[in-house]
>>> print(open('structure.cif').read())   # mmCIF, C-alpha atoms
data_final
#
loop_
_atom_site.label_atom_id
_atom_site.label_comp_id
_atom_site.auth_asym_id
_atom_site.auth_seq_id
_atom_site.Cartn_x
_atom_site.Cartn_y
_atom_site.Cartn_z
CA MET A 1 17.46 -55.86 101.47
CA THR A 2 14.44 -57.53 99.95
CA LEU A 3 10.87 -56.70 100.86
CA GLN A 4 10.62 -60.03 102.64
CA GLY A 5 13.67 -59.18 104.68
CA VAL A 6 12.22 -55.82 105.72
CA LEU A 7 8.92 -57.42 106.68
CA ASP A 8 10.69 -60.08 108.70
CA ALA A 9 12.70 -57.43 110.53
CA VAL A 10 9.55 -55.45 111.36
CA ALA A 11 7.83 -58.62 112.60
CA ALA A 12 10.86 -59.50 114.73
CA VAL A 13 10.93 -56.04 116.33
CA LEU A 14 7.21 -56.16 117.11
CA MET A 15 7.46 -59.62 118.62
CA VAL A 16 10.52 -58.86 120.74
CA THR A 17 8.72 -55.76 122.05
CA GLY A 18 5.72 -57.93 122.94
CA ALA A 19 8.00 -60.33 124.79
CA LEU A 20 9.62 -57.40 126.64
CA LEU A 21 6.18 -56.28 127.82
CA SER A 22 5.57 -59.79 129.12
CA LEU A 23 8.84 -59.62 131.03
CA ALA A 24 7.90 -56.24 132.48
CA ALA A 25 4.61 -57.76 133.60
CA GLY A 26 6.49 -60.55 135.36
CA VAL A 27 8.76 -58.05 137.12
CA ALA A 28 5.79 -55.89 138.09
CA LEU A 29 3.90 -58.89 139.44
CA LEU A 30 6.80 -59.59 141.77
CA ARG A 31 7.58 -56.02 142.80
CA PHE A 32 4.31 -54.10 143.01
CA PRO A 33 3.07 -53.67 146.57
CA ASP A 34 -0.60 -54.59 146.40
CA LEU A 35 -3.06 -56.58 144.37
CA LEU A 36 -4.65 -53.69 142.49
CA SER A 37 -1.25 -52.41 141.34
CA ARG A 38 -0.31 -55.90 140.20
CA MET A 39 -3.45 -56.05 138.13
CA HIS A 40 -2.26 -53.06 136.10
CA ALA A 41 0.82 -55.11 135.31
CA ALA A 42 -1.35 -57.99 134.23
CA ALA A 43 -3.09 -55.84 131.64
CA LYS A 44 0.05 -55.33 129.54
CA PRO A 45 0.79 -58.78 128.11
CA GLN A 46 -2.93 -59.41 127.91
CA VAL A 47 -3.58 -56.40 125.70
CA LEU A 48 -0.63 -54.71 124.01
CA GLY A 49 1.75 -57.68 124.25
CA LEU A 50 -0.76 -59.95 122.57
CA LEU A 51 -1.64 -57.32 119.96
CA LEU A 52 2.05 -56.83 119.06
CA MET A 53 2.58 -60.58 118.80
CA LEU A 54 -0.54 -60.90 116.64
CA THR A 55 0.69 -58.16 114.32
CA GLY A 56 4.08 -59.82 114.02
CA CYS A 57 2.43 -63.13 113.39
CA ALA A 58 0.11 -61.61 110.77
CA ILE A 59 3.11 -60.17 108.93
CA ARG A 60 4.79 -63.59 108.86
CA ILE A 61 1.68 -65.61 107.99
CA ALA A 62 -0.08 -63.38 105.51
CA THR A 63 -3.03 -65.49 104.40
CA VAL A 64 -6.62 -64.31 104.62
CA VAL A 65 -7.90 -67.32 106.56
CA ASP A 66 -5.31 -66.94 109.29
CA ILE A 67 -5.58 -63.18 109.52
CA THR A 68 -9.34 -63.43 110.15
CA THR A 69 -8.59 -65.90 112.94
CA MET A 70 -6.09 -63.46 114.40
CA VAL A 71 -8.59 -60.60 114.22
CA LEU A 72 -11.01 -62.77 116.20
CA ILE A 73 -8.36 -63.55 118.81
CA ALA A 74 -7.71 -59.82 119.22
CA VAL A 75 -11.42 -58.95 119.43
CA PHE A 76 -12.23 -61.65 121.96
CA GLN A 77 -9.22 -60.81 124.06
CA LEU A 78 -10.04 -57.08 124.07
CA ALA A 79 -13.67 -57.78 124.92
CA THR A 80 -13.09 -60.24 127.75
CA ALA A 81 -9.97 -58.95 129.53
CA PRO A 82 -11.68 -55.92 131.16
CA VAL A 83 -14.53 -58.05 132.49
CA ALA A 84 -12.17 -60.39 134.30
CA ALA A 85 -10.09 -57.44 135.52
CA HIS A 86 -13.16 -55.68 136.88
CA MET A 87 -14.45 -58.75 138.69
CA VAL A 88 -11.08 -59.45 140.32
CA GLY A 89 -10.42 -55.78 141.10
CA ARG A 90 -13.80 -55.36 142.73
CA ALA A 91 -13.33 -58.46 144.88
CA ALA A 92 -9.82 -57.27 145.79
CA TYR A 93 -10.99 -53.84 146.92
CA ARG A 94 -13.76 -55.30 149.06
CA ASP A 95 -11.41 -57.81 150.56
CA GLY A 96 -9.36 -54.91 151.91
CA GLN A 97 -6.28 -55.93 149.97
CA THR A 98 -5.41 -52.40 148.99
CA ARG A 99 -2.40 -50.74 150.59
CA THR A 100 -4.26 -47.62 151.66
CA ASP A 101 -1.04 -45.92 152.75
CA LEU A 102 -0.01 -45.79 149.08
CA LEU A 103 -3.29 -44.27 147.94
CA LEU A 104 -3.27 -40.57 147.17
CA THR A 105 -7.04 -40.38 147.57
CA ASP A 106 -9.79 -42.91 147.85
CA GLU A 107 -13.05 -41.53 146.54
CA LEU A 108 -14.72 -44.91 146.64
CA ALA A 109 -14.57 -45.62 150.38
CA PRO A 110 -17.30 -43.10 151.38
CA HIS A 111 -19.65 -44.61 148.78
CA LEU A 112 -18.96 -48.25 149.42
CA ASP A 113 -22.14 -48.81 151.40
CA ARG A 114 -24.06 -48.25 148.17
CA PHE A 115 -22.56 -51.34 146.63
CA SER A 116 -23.60 -54.01 149.05
CA ASP A 117 -23.13 -57.45 147.57
CA LYS A 118 -26.06 -58.96 149.45
CA PRO A 119 -28.44 -60.56 146.95
CA ASP A 120 -31.58 -59.13 148.55
CA ASP A 121 -30.22 -55.65 148.06
CA LYS A 122 -30.52 -55.58 144.31
CA PRO A 123 -32.87 -58.25 143.04
CA SER A 124 -33.25 -56.52 139.70
CA ARG A 125 -29.56 -56.30 138.80
CA PHE A 126 -28.65 -59.93 139.25
CA PRO A 127 -31.90 -61.81 138.76
CA ALA A 128 -30.01 -65.05 138.09
CA THR A 129 -28.32 -65.05 141.49
CA PRO A 130 -29.99 -67.65 143.68
CA PRO A 131 -30.87 -66.38 147.16
CA GLU A 132 -28.49 -67.62 149.78
CA MET B 1 -35.20 -48.54 137.41
CA SER B 2 -33.70 -45.09 137.54
CA PRO B 3 -35.36 -42.02 136.09
CA GLN B 4 -32.69 -41.17 133.54
CA ARG B 5 -32.68 -44.61 131.96
CA PRO B 6 -35.92 -45.32 130.12
CA SER B 7 -35.91 -49.11 130.16
CA ALA B 8 -38.93 -49.63 127.98
CA LEU B 9 -37.88 -49.75 124.37
CA THR B 10 -40.20 -49.15 121.49
CA LYS B 11 -40.73 -52.00 119.05
CA ARG B 12 -38.59 -50.28 116.47
CA GLU B 13 -35.66 -49.79 118.85
CA ARG B 14 -35.90 -53.42 119.88
CA LEU B 15 -35.81 -54.52 116.25
CA ARG B 16 -32.84 -52.27 115.61
CA SER B 17 -30.81 -53.67 118.50
CA ARG B 18 -31.65 -57.24 117.36
CA ALA B 19 -30.51 -56.41 113.82
CA ILE B 20 -27.19 -55.06 115.11
CA ALA B 21 -26.71 -58.25 117.15
CA VAL B 22 -27.41 -60.45 114.11
CA ILE B 23 -24.99 -58.48 111.93
CA GLY B 24 -22.30 -58.77 114.57
CA LEU B 25 -22.79 -62.51 114.96
CA VAL B 26 -22.76 -63.10 111.19
CA LEU B 27 -19.50 -61.15 111.01
CA VAL B 28 -17.93 -63.30 113.74
CA TRP B 29 -19.16 -66.46 111.99
CA ASN B 30 -17.55 -65.38 108.72
CA LEU B 31 -14.30 -64.56 110.50
CA LEU B 32 -14.32 -67.97 112.20
CA TRP B 33 -14.58 -69.69 108.82
CA GLY B 34 -11.95 -67.36 107.48
CA ALA B 35 -13.81 -66.28 104.36
CA PHE B 36 -16.71 -64.05 103.41
CA THR B 37 -18.92 -66.20 101.21
CA TRP B 38 -22.66 -66.30 100.62
CA LEU B 39 -22.85 -69.75 102.17
CA ASN B 40 -21.15 -68.56 105.36
CA THR B 41 -23.34 -65.47 105.51
CA ILE B 42 -26.59 -67.39 105.11
CA THR B 43 -25.73 -70.17 107.57
CA GLY B 44 -24.39 -67.54 109.94
CA ALA B 45 -27.64 -65.56 109.76
CA VAL B 46 -29.69 -68.71 110.47
CA ILE B 47 -27.53 -69.57 113.47
CA ALA B 48 -27.53 -65.98 114.74
CA VAL B 49 -31.33 -65.76 114.66
CA ALA B 50 -31.64 -69.16 116.34
CA LEU B 51 -29.17 -68.08 119.03
CA LEU B 52 -31.05 -64.85 119.74
CA VAL B 53 -34.34 -66.74 119.99
CA VAL B 54 -32.95 -69.38 122.35
CA PHE B 55 -30.71 -67.06 124.42
CA PRO B 56 -32.32 -63.62 124.20
CA LEU B 57 -29.97 -60.80 125.18
CA PRO B 58 -31.09 -58.01 127.48
CA PRO B 59 -32.13 -55.10 125.27
CA VAL B 60 -29.45 -52.48 124.81
CA LYS B 61 -30.55 -49.02 123.86
CA PHE B 62 -28.44 -47.74 121.02
CA GLY B 63 -29.81 -44.32 120.25
CA GLY B 64 -26.90 -42.80 118.38
CA ARG B 65 -25.48 -43.11 114.93
CA LEU B 66 -22.08 -44.05 113.60
CA ARG B 67 -19.78 -41.24 112.56
CA PRO B 68 -16.98 -43.01 110.65
CA VAL B 69 -14.37 -40.26 110.95
CA ALA B 70 -14.93 -39.97 114.70
CA VAL B 71 -14.77 -43.76 115.03
CA VAL B 72 -11.36 -43.82 113.34
CA LYS B 73 -10.23 -40.94 115.57
CA PHE B 74 -11.42 -42.78 118.65
CA PHE B 75 -9.53 -45.96 117.76
CA ALA B 76 -6.38 -44.11 116.70
CA ARG B 77 -6.27 -42.23 119.99
CA PHE B 78 -7.15 -45.40 121.91
CA PHE B 79 -4.25 -47.39 120.47
CA PHE B 80 -1.91 -44.44 120.98
CA ASP B 81 -2.93 -44.20 124.65
CA LEU B 82 -2.66 -47.97 124.99
CA THR B 83 0.91 -48.01 123.71
CA VAL B 84 2.09 -45.05 125.77
CA ALA B 85 0.44 -46.31 128.95
CA SER B 86 1.81 -49.83 128.49
CA PHE B 87 5.37 -48.56 128.38
CA GLN B 88 4.77 -46.18 131.29
CA VAL B 89 3.59 -49.06 133.48
CA ALA B 90 6.51 -51.16 132.24
CA PHE B 91 8.97 -48.45 133.33
CA LEU B 92 7.26 -48.19 136.72
CA ALA B 93 7.96 -51.90 137.16
CA PHE B 94 11.70 -51.43 136.76
CA ARG B 95 11.96 -48.19 138.76
CA ARG B 96 12.90 -48.06 142.41
CA GLY B 97 10.28 -47.47 145.04
CA GLU B 98 6.65 -48.35 145.30
CA PRO B 99 4.33 -46.50 142.92
CA ARG B 100 1.62 -44.34 144.44
CA SER B 101 -1.92 -44.81 143.22
CA ALA B 102 -5.36 -43.32 143.75
CA ILE B 103 -8.99 -44.24 143.42
CA VAL B 104 -10.89 -41.52 141.59
CA ALA B 105 -14.60 -41.13 141.06
CA VAL B 106 -15.45 -39.94 137.56
CA GLU B 107 -19.04 -39.04 136.88
CA LEU B 108 -19.85 -39.62 133.24
CA ARG B 109 -22.07 -37.14 131.47
CA VAL B 110 -23.94 -39.68 129.34
CA LYS B 111 -25.41 -42.21 131.72
CA SER B 112 -26.69 -44.85 129.33
CA ASP B 113 -25.65 -48.45 129.99
CA LEU B 114 -23.97 -48.70 126.59
CA ASN B 115 -21.87 -45.59 127.12
CA MET B 116 -20.84 -46.63 130.62
CA THR B 117 -19.89 -50.11 129.46
CA LEU B 118 -17.81 -48.92 126.52
CA VAL B 119 -16.02 -46.21 128.50
CA ALA B 120 -15.29 -48.73 131.27
CA GLU B 121 -13.94 -51.23 128.72
CA ALA B 122 -11.69 -48.67 127.10
CA VAL B 123 -10.47 -47.32 130.44
CA SER B 124 -9.59 -50.72 131.83
CA LEU B 125 -7.92 -51.94 128.64
CA VAL B 126 -5.38 -49.15 129.02
CA PRO B 127 -2.83 -50.26 131.64
CA GLY B 128 -2.56 -47.91 134.59
CA SER B 129 -6.27 -47.52 135.09
CA LEU B 130 -8.64 -50.13 136.40
CA ILE B 131 -12.33 -50.04 137.19
CA ALA B 132 -12.76 -50.81 140.87
CA GLU B 133 -16.48 -50.16 140.99
CA ALA B 134 -19.24 -48.81 138.77
CA ASP B 135 -22.41 -47.13 139.97
CA HIS B 136 -24.90 -47.23 137.15
CA GLN B 137 -27.51 -45.18 138.97
CA THR B 138 -25.37 -42.07 139.12
CA GLY B 139 -23.25 -43.05 136.12
CA THR B 140 -20.06 -42.92 138.14
CA LEU B 141 -16.96 -45.01 137.54
CA TYR B 142 -14.53 -45.53 140.40
CA ILE B 143 -11.14 -45.92 138.77
CA HIS B 144 -7.93 -47.14 140.38
CA MET B 145 -5.06 -45.24 138.79
CA LEU B 146 -1.45 -46.35 139.06
CA GLY B 147 1.54 -44.02 139.23
CA VAL B 148 -0.31 -40.87 140.30
CA ARG B 149 2.20 -38.25 141.34
CA ASP B 150 0.14 -35.49 142.97
CA ALA B 151 -3.26 -33.84 143.07
CA ALA B 152 -2.72 -31.92 139.82
CA HIS B 153 -1.76 -35.10 138.01
CA LEU B 154 -4.89 -36.71 139.43
CA GLU B 155 -7.12 -33.98 138.01
CA ARG B 156 -5.43 -34.37 134.64
CA LEU B 157 -6.16 -38.11 134.66
CA ARG B 158 -9.77 -37.41 135.59
CA ALA B 159 -10.08 -35.00 132.69
CA GLU B 160 -8.56 -37.60 130.35
CA VAL B 161 -11.32 -40.07 131.20
CA LEU B 162 -13.93 -37.41 130.41
CA GLN B 163 -12.18 -36.65 127.12
CA LEU B 164 -12.28 -40.34 126.27
CA GLU B 165 -16.00 -40.32 126.95
CA ALA B 166 -16.38 -37.29 124.67
CA ARG B 167 -14.48 -39.04 121.86
CA LEU B 168 -16.66 -42.11 122.25
CA VAL B 169 -19.87 -40.09 122.16
CA ARG B 170 -18.61 -38.22 119.10
CA ALA B 171 -18.09 -41.61 117.45
CA ILE B 172 -21.37 -43.34 118.24
CA GLY B 173 -23.56 -41.07 120.35
CA SER B 174 -26.80 -39.37 119.44
CA ASP B 175 -27.03 -35.63 118.84
CA ALA B 176 -28.53 -34.99 122.29
CA GLU B 177 -25.70 -36.92 123.95
CA LEU B 178 -23.20 -35.02 121.86
CA ARG B 179 -24.51 -31.70 123.18
CA LEU B 180 -24.04 -33.04 126.74
CA VAL B 181 -20.36 -33.78 126.25
CA GLU B 182 -19.60 -30.70 124.16
CA ALA B 183 -20.86 -28.47 126.94
CA PRO B 184 -18.05 -27.05 129.08
CA VAL B 185 -17.18 -29.16 132.09
CA PRO B 186 -18.81 -27.72 135.22
CA THR B 187 -16.15 -26.56 137.61
CA ASP B 188 -18.10 -26.96 140.84
CA ARG B 189 -16.89 -29.96 142.75
CA GLU B 190 -18.70 -29.50 146.04
CA GLU B 191 -20.01 -33.08 146.13
CA ARG B 192 -16.57 -34.58 145.86
CA PRO B 193 -14.54 -34.96 149.04
CA ALA B 194 -11.03 -33.69 148.53
CA MET C 1 15.24 -64.18 112.75
CA THR C 2 17.03 -66.82 114.82
CA TYR C 3 18.37 -64.16 117.18
CA ALA C 4 14.86 -62.80 117.61
CA ALA C 5 13.56 -66.29 118.34
CA VAL C 6 16.21 -66.86 121.00
CA ALA C 7 15.61 -63.43 122.55
CA ILE C 8 11.85 -63.99 122.70
CA ALA C 9 12.31 -67.46 124.20
CA VAL C 10 14.60 -66.11 126.92
CA LEU C 11 12.32 -63.13 127.72
CA LEU C 12 9.18 -65.24 127.89
CA THR C 13 10.85 -67.93 130.00
CA ALA C 14 12.00 -65.30 132.50
CA ALA C 15 8.51 -63.77 132.57
CA CYS C 16 6.94 -67.18 133.16
CA ALA C 17 9.37 -67.92 135.99
CA MET C 18 8.51 -64.67 137.78
CA THR C 19 4.81 -65.24 137.31
CA LEU C 20 5.17 -68.74 138.76
CA VAL C 21 6.92 -67.28 141.81
CA ARG C 22 3.91 -65.01 142.35
CA ILE C 23 1.53 -67.97 141.97
CA VAL C 24 3.45 -69.94 144.58
CA ARG C 25 3.87 -67.01 146.99
CA GLY C 26 0.33 -65.73 146.78
CA PRO C 27 -0.47 -64.56 149.40
CA THR C 28 -4.17 -64.61 148.52
CA THR C 29 -6.33 -66.50 146.05
CA LEU C 30 -6.85 -63.32 144.03
CA ASP C 31 -3.10 -62.77 143.65
CA ARG C 32 -2.79 -66.27 142.31
CA ILE C 33 -5.67 -65.75 139.91
CA VAL C 34 -4.14 -62.57 138.51
CA ALA C 35 -0.79 -64.31 138.12
CA THR C 36 -2.46 -67.28 136.43
CA ASP C 37 -4.11 -64.89 133.99
CA VAL C 38 -0.73 -63.41 133.16
CA LEU C 39 0.74 -66.89 132.76
CA LEU C 40 -2.05 -67.73 130.31
CA ALA C 41 -1.39 -64.52 128.37
CA ILE C 42 2.34 -65.28 128.20
CA THR C 43 1.59 -68.83 127.04
CA ALA C 44 -0.66 -67.44 124.31
CA THR C 45 2.13 -65.04 123.33
CA ALA C 46 4.58 -67.94 123.14
CA ILE C 47 2.22 -70.00 120.97
CA LEU C 48 1.83 -67.00 118.65
CA ALA C 49 5.60 -66.55 118.47
CA GLU C 50 6.03 -70.21 117.58
CA ALA C 51 3.35 -69.91 114.89
CA ALA C 52 5.08 -66.86 113.46
CA PHE C 53 8.57 -68.38 113.35
CA SER C 54 7.51 -71.65 111.79
CA ARG C 55 4.90 -69.93 109.60
CA ASP C 56 2.51 -72.61 110.75
CA PRO C 57 -1.03 -71.47 111.64
CA THR C 58 -2.20 -74.81 113.11
CA ALA C 59 -2.34 -73.51 116.69
CA LEU C 60 -4.28 -70.31 115.95
CA PRO C 61 -7.82 -71.76 116.45
CA VAL C 62 -6.68 -72.95 119.88
CA LEU C 63 -5.90 -69.33 120.75
CA VAL C 64 -9.42 -68.25 119.76
CA VAL C 65 -10.77 -70.66 122.35
CA VAL C 66 -8.17 -69.62 124.93
CA SER C 67 -8.95 -65.92 124.51
CA LEU C 68 -12.66 -66.66 125.00
CA LEU C 69 -12.33 -69.04 127.93
CA GLY C 70 -9.51 -67.31 129.79
CA ILE C 71 -12.09 -65.05 131.40
CA THR C 72 -14.22 -67.79 132.97
CA GLY C 73 -11.71 -68.94 135.57
CA SER C 74 -11.01 -65.51 137.01
CA VAL C 75 -14.67 -64.45 136.97
CA ALA C 76 -15.70 -67.66 138.75
CA VAL C 77 -13.04 -67.29 141.42
CA ALA C 78 -13.73 -63.57 141.89
CA ARG C 79 -17.42 -64.27 142.39
CA PHE C 80 -16.52 -67.03 144.82
CA VAL C 81 -14.24 -64.76 146.82
CA SER C 82 -16.81 -61.97 147.08
CA ARG C 83 -19.45 -64.48 148.20
CA GLU C 84 -17.16 -65.62 150.96
CA GLN C 85 -16.82 -62.05 152.20
CA ASP C 86 -20.57 -61.67 152.47
CA SER C 87 -21.22 -64.75 154.51
#
>>> encode(input="structure.cif", output="structure tokens")
Amino acid sequence: MTLQGVLDAVAAVLMVTGALLSLAAGVALLRFPDLLSRMHAAAKPQVLGLLLMLTGCAIRIATVVDITTMVLIAVFQLATAPVAAHMVGRAAYRDGQTRTDLLLTDELAPHLDRFSDKPDDKPSRFPATPPE
Amino acid sequence: MSPQRPSALTKRERLRSRAIAVIGLVLVWNLLWGAFTWLNTITGAVIAVALLVVFPLPPVKFGGRLRPVAVVKFFARFFFDLTVASFQVAFLAFRRGEPRSAIVAVELRVKSDLNMTLVAEAVSLVPGSLIAEADHQTGTLYIHMLGVRDAAHLERLRAEVLQLEARLVRAIGSDAELRLVEAPVPTDREERPA
Amino acid sequence: MTYAAVAIAVLLTAACAMTLVRIVRGPTTLDRIVATDVLLAITATAILAEAAFSRDPTALPVLVVVSLLGITGSVAVARFVSREQDS
């Protein structure tokens, strides 16, 4: 087996694994009982699935220009995914979309009154929010 | 705002955080062009300075220093955790029954904005844990954990978050912060409802 | 390599189909947003796979933009939903 053949095989394995993670995310999206659990499923293709695909892609297209682009894709994805997840997760919890019967403990509920979303409550944290 | 977070930065700290921002932006600019050349670096620096003048960022206090070995350790462990957790959540998807979860409060020991942000990012990138809420006055993260089996497992997961914080502080924290995380974890939990 | 390409195509198509079911079923806006995020991630994965198999990097800059902008939709909707709860 040539070096190229070995590299291709490694790339193929990485990429199939990435695709499998995407499939698992699809299954989890359908089967998990509540929104917060489904969001855990969403994190897989967004993070590890994409990273595996990027690695496979980088092995196949091994030029400096394209690898820098791929590094940027990875960095941006890793930096932005948690922000979106946090915003959605926070809204979901407040909306009462958590299946509390499946929760082992909920250490947030007793503190929730601290995190009022009313704009007049915390003028210093979100100064850009226009008063409603 | 809160006593433990001195919001007023000295001029030198402000300059330092600006310099880090410029270096980061120049790096991104070079990566976008796909080559590290003098031309890219100079134009990137001009654009970065212009950007920071037009859209000034809120000042971030970065009091620590980089420890390269600890940084490598942090990333190695992070990607290891990421891989393991991804497959664990994937198996949960195919298993019978609905997975149990829990929302845990983890009080971080270093309460700076930078530390809280980075720990929260790392925690939520790993599948199976998700930040539901963050209280930056007490430095507490409320984390939704998936696939928690029982109370002992829960405590282990809580300890793992604190270990992650310790690794992060070892990588980029200051010496004072390092002493905070190296101290043994206090065992009293009277403020936490069971 | 052809087998891998076929396998990846089948896996990603199945994943997309399941995600679409979740988008249609909902039941809430937030469910749909999470599913849309996943759909976007799977699409990005598919574009990457295509780029790798054809060794053609043309689509990569598109993915830079996608990975930056993917966040805006979900953040906007999440803000919108939490506003609604307050009023």
>>> atom_distance(input="structure.cif", atom1="CA of Arg65 in chain B", atom2="CA of Ile172 in chain B")
5.3 Å
>>> interface_residues(input="structure.cif", of="chain B", to="chain A", cutoff="9 Å", atoms="all atoms listed in the file", output="PyMOL selection string")
chain B and resi 1+28+30-35+79+82-83+86-87+89-94+98-105+120-135+142-146+148-151+154+192-194
>>> atom_distance(input="structure.cif", atom1="CA of Trp38 in chain B", atom2="CA of Ile20 in chain B")
18.9 Å
>>> interface_residues(input="structure.cif", of="chain C", to="chain B", cutoff="12 Å", atoms="all atoms listed in the file", output="list in words")
Leu60, Pro61, Val62, Val64 and Val65 of chain C
>>> atom_distance(input="structure.cif", atom1="CA of Ala52 in chain C", atom2="CA of Cys57 in chain A")
4.6 Å
>>> resolve_selection(input="structure.cif", expression="the PyMOL selection byres ((chain C) within 8 of (chain A))", output="MDAnalysis selection string")
chainID C and resid 1 4 7:8 11:12 14:19 21:22 30:31 34:35 37:38 41:42 44:45 48:49 51:53 55:57 60:61 63:64 67:68 71:72 74:75 78:79 81:83 85:86
>>> residues_near_point(input="structure.cif", point="(-26.4, -40.0, 119.0)", cutoff="9 Å", atoms="all atoms listed in the file", output="ChimeraX atom specification")
/B:62-66,169-178
>>> closest_residue(input="structure.cif", among="C:Leu20, C:Leu69, C:Val10, C:Ala59", to="Thr36 in chain C", atoms="only C-alpha atoms")
C:Leu20
